[in-house]
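The block underneath contains the structure these notes are about, expressed in structure tokens.
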Amino acid sequence: MPRTADALDGLSILGTAKVGPLAFSVPTLLQAGTTGGTKGDGPQGPTLAETASTRSDFRSLRIGDGVSTVSLEFPIPAAEVQSVAGGGSKLADGWWLLHWPVSEVGWEEILQGRPEGIVLSNARTLFSEGEPLIRALLEIRTRLGAGPLLWAPRVALPHRLALLAFLGLDLLDSTEALWRSASGEFLSAELGAIDAELVRTERLCECPACTAGEELASGRHAQWALGKELRLVRTAIRAGHLRDVVESRLPAEPSSAEFLRYADRMLGDLLDERTPVTGGSQHRYVLRESHRRPEVRRYRARLLDRYRPPPSKKVLLLVPCSKTKPYRQSRSHRKIARALEGIPNLSRLEIASVTSPLGIVPRELEDVPPCRHYDIPVTGEWDEEERAAVERAVAHLLASHAFQSVLVHLDPQEYAFLRSSLKPAVATEWTMADEQTTGANNLRGLRAAAARALERLEGTVGGVLGVVREELESVARFQFGTEAAELLFAAPIRLQGRPWFQRLTDGHGKDLATLREERGLFHLTMAGATRVHPAHPLEVEILPQVPLLGDIFVPGVARADRSIRAGDAVLVVRNGELLATGEAALPGPLMRELARGVAVRIRHRLPSLAREANRQTQDAAPLPPPGPVV
């Protein structure tokens with residue numbers, strides 16, 4: 001099935017696709033009752049028209065893409081007014097009708113038909129019932145994967161477009177919006193359906209139809225509003241901000257918030273699957289709904305499952321987060337750093353920032369996504385969910401590591417909820433007398449407390465550079481898991497480069513991995529991939545006949561680990577033999593469910609393959625002199 005993925009956000013896939021003879025840029029709108037929009041009046045793209053049916057109880061529709069047309073005829077009464085057990089039936093080349101719920105026999109028939117486009121015939125009824133729509137989408141995508149386009153008829157309104165795209169609906173139509181307009185409703189993406197008289201009084205809309213004084217029944221305003229919102233949705237997907245748009249539209253219709261809550265709970269695994277592990281765009285966690293985003297849940301889970309503080313760190317310092325990211329570059333954290341300068345054994349101090357919605361961010365994870373790119377409103381008030389995330393993270397740090405003491409440089413009133421999470425057996429000192437984090441008296445108190453806690457410790461084996469190695473291994477453990485991280489950092493190794501660009505070598509001048517500050521995660525070389533291969537879970541196996549001359553495309557993938565996410569460092573193998581390493585362009589399941597597109601962007605390959613492809617196996621930048629063995 002020829003479907004491409006140019007960008008992913010939520011369950012939406014921005015790209016192109018074909019269903020039978022029709023080609024679409026998705027997500028898109030079928031323009032109902034028209035053969036095409038006038039420039040500026042609505043979404044430019046495919047059309048939807050009703051035609052005379054051969055049977056009175058059937059609906060006949062014609063879909064066109066500007067070049068070809070397809071006629072679809074299907075029964076409507078049970079499909080549109082009742083949510084009863086149904087099934088599936090073929091409508092045209094590539095098109096299948098699906099009435100949910102579907103029996104096992106019905107699913108077998110649909111799967112054997114290899115559909116390219118699915119018409120969810122009772123989508124409007126499912127939408128009105130709420131949770132059943134999410135259950136239907138979950139089963140459809142679980143059974144059929146991401147390949148088939150999914151059309152939900154008669155549910156689209158301007159303020160719903162972002163949410164419907166986020167839920168993975170590829171095709172929508174303007175039918176409902178035109179019907180609402182004909183009933184006298186003014187449709188706004190920001191406000192939902194409002195009183196038309198208010199619009200006339202305030203001259204709210206500047207679309208061509210409203211400017212010309214046309215009645216809403218003409219439908220031109222509805223088409224314009226849909227088109228404007230569709231362009232915003234497509235741009236948001238490309239920029240990685242679709243969830244921001246979804247959350248901004250929730251006040252327009254309360255049921256939208258219900259759908260998002262159902263989706264976060266029931267589609268959580270699919271949303272995690274489609275969410276990249278990397279990304280430089282700023283995440284804005286404004287509403288409580290923001291705290292359920294996939295990248296937030298993934299960070300919290302990996303912190304508890306994978307992260308362990310560096311062994312040399314024996315004193316834990318809890319500090320507040322900052323608006324500036326990474327925190328260490330903020331004014332407040334730089335003041336804290338200056339207050340601690342010169343204290344013996346300072347490298348044995350583990351600094352961890354308390355923040356919402358992530359919980360705790362240790363200093364070595366500050367560049368790991370999403371820690372480096374997020375923003376939140378700060379009021380000093382913590383709800384139950386925010387407090388619980390922090391408490392779980394603090395409890396994990398203390399349970400997973402033998403800290404000898406804990407320093408809490410936090411407002412004792414605002415963060416009083418943390419007292420129950422601190423272990424009585426570990427010496428704990430609160431270093432602030434008031435809420436002024438960087439007040440002179442509080443900083444002096446912090447320095448004195450840190451000096452007392454650290455003076456009892458001995459120096460570390462390997463010195464400061466040895467602690468840096470431990471910090472980098474903690475990042476690798478967070479990224480790859482414990483076993484793979486231990487294999488990658490097995491002695492002897494050398495550290496080279498600068499704080500913003502670290503090179504890990506094997507002690508003999510051969511690169512193992514690189515870590516750039518702005519990415520926050522390791523890239524593996526072939527030598528590094530060879531080290532972790534026995535324990536690395538993120539493998540992509542290619543077909544025997546595929547030449548490894550460039551990037552790996554979807555048709556060449558024989559198998560991909562389901563835990564692969566876009567941005568992951570993956571290993572490319574064939575018959576168990578390691579051939580190359582690179583960065584996943586798609587999540588593992590989509591490498592098999594889609595028919596076109598880049599699956600893995602190759603960075604390094606076996607020397608023999610590299611010579612054949614006439615490409616370098618090392619980075620273009622000259623290597624710095626070897627660093628000391630750590």
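Please note that chains go A, B, ... in the order of the structure tokens, that every chain numbers its residues from 1, and that ligands are numbered from 1 in the order shown.
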request  = Find the spatial neighbours of segment 565-570 of chain A, counting only C-alpha atoms, within a cut-off of 8 Å - ignore same-chain residues fewer than 3 positions away - and output them as a count of residues only.
outcome  = 21
query = Skipping near chain neighbours, those fewer than 4 positions away, what residues fall within 6 Å of Arg306 of chain A using only C-alpha atoms, listed as number ranges by chain?
reply = A: 302, 478, 481
message = At a cut-off of 10 Å, using only C-alpha atoms, what residues contact segment 444-460 of chain A? Leave out same-chain residues fewer than 4 positions from it and give the result as a PyMOL selection string.
response = chain A and resi 311-317+336-349+404-409+427-433+437-440+464-467
ask   = So how far away is atom CA of Gly359 of chain A from atom CA of Ala425 of chain A, in Å?
value = 22.7 Å
request  = May I have the residues within 10 Å of Leu14 of chain A as a list in words, using only C-alpha atoms and disregarding those fewer than 2 positions away in the same chain?
outcome  =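 That gives Arg3, Thr4, Ala5, Asp6, Ala7, Leu8, Asp9, Leu11, Ser12, Thr16, Ala17, Ser25, Val26, Pro27, Thr28, Ala165, Asp170, Val233, Arg234, Thr235, Ile237 and Arg238 of chain A.
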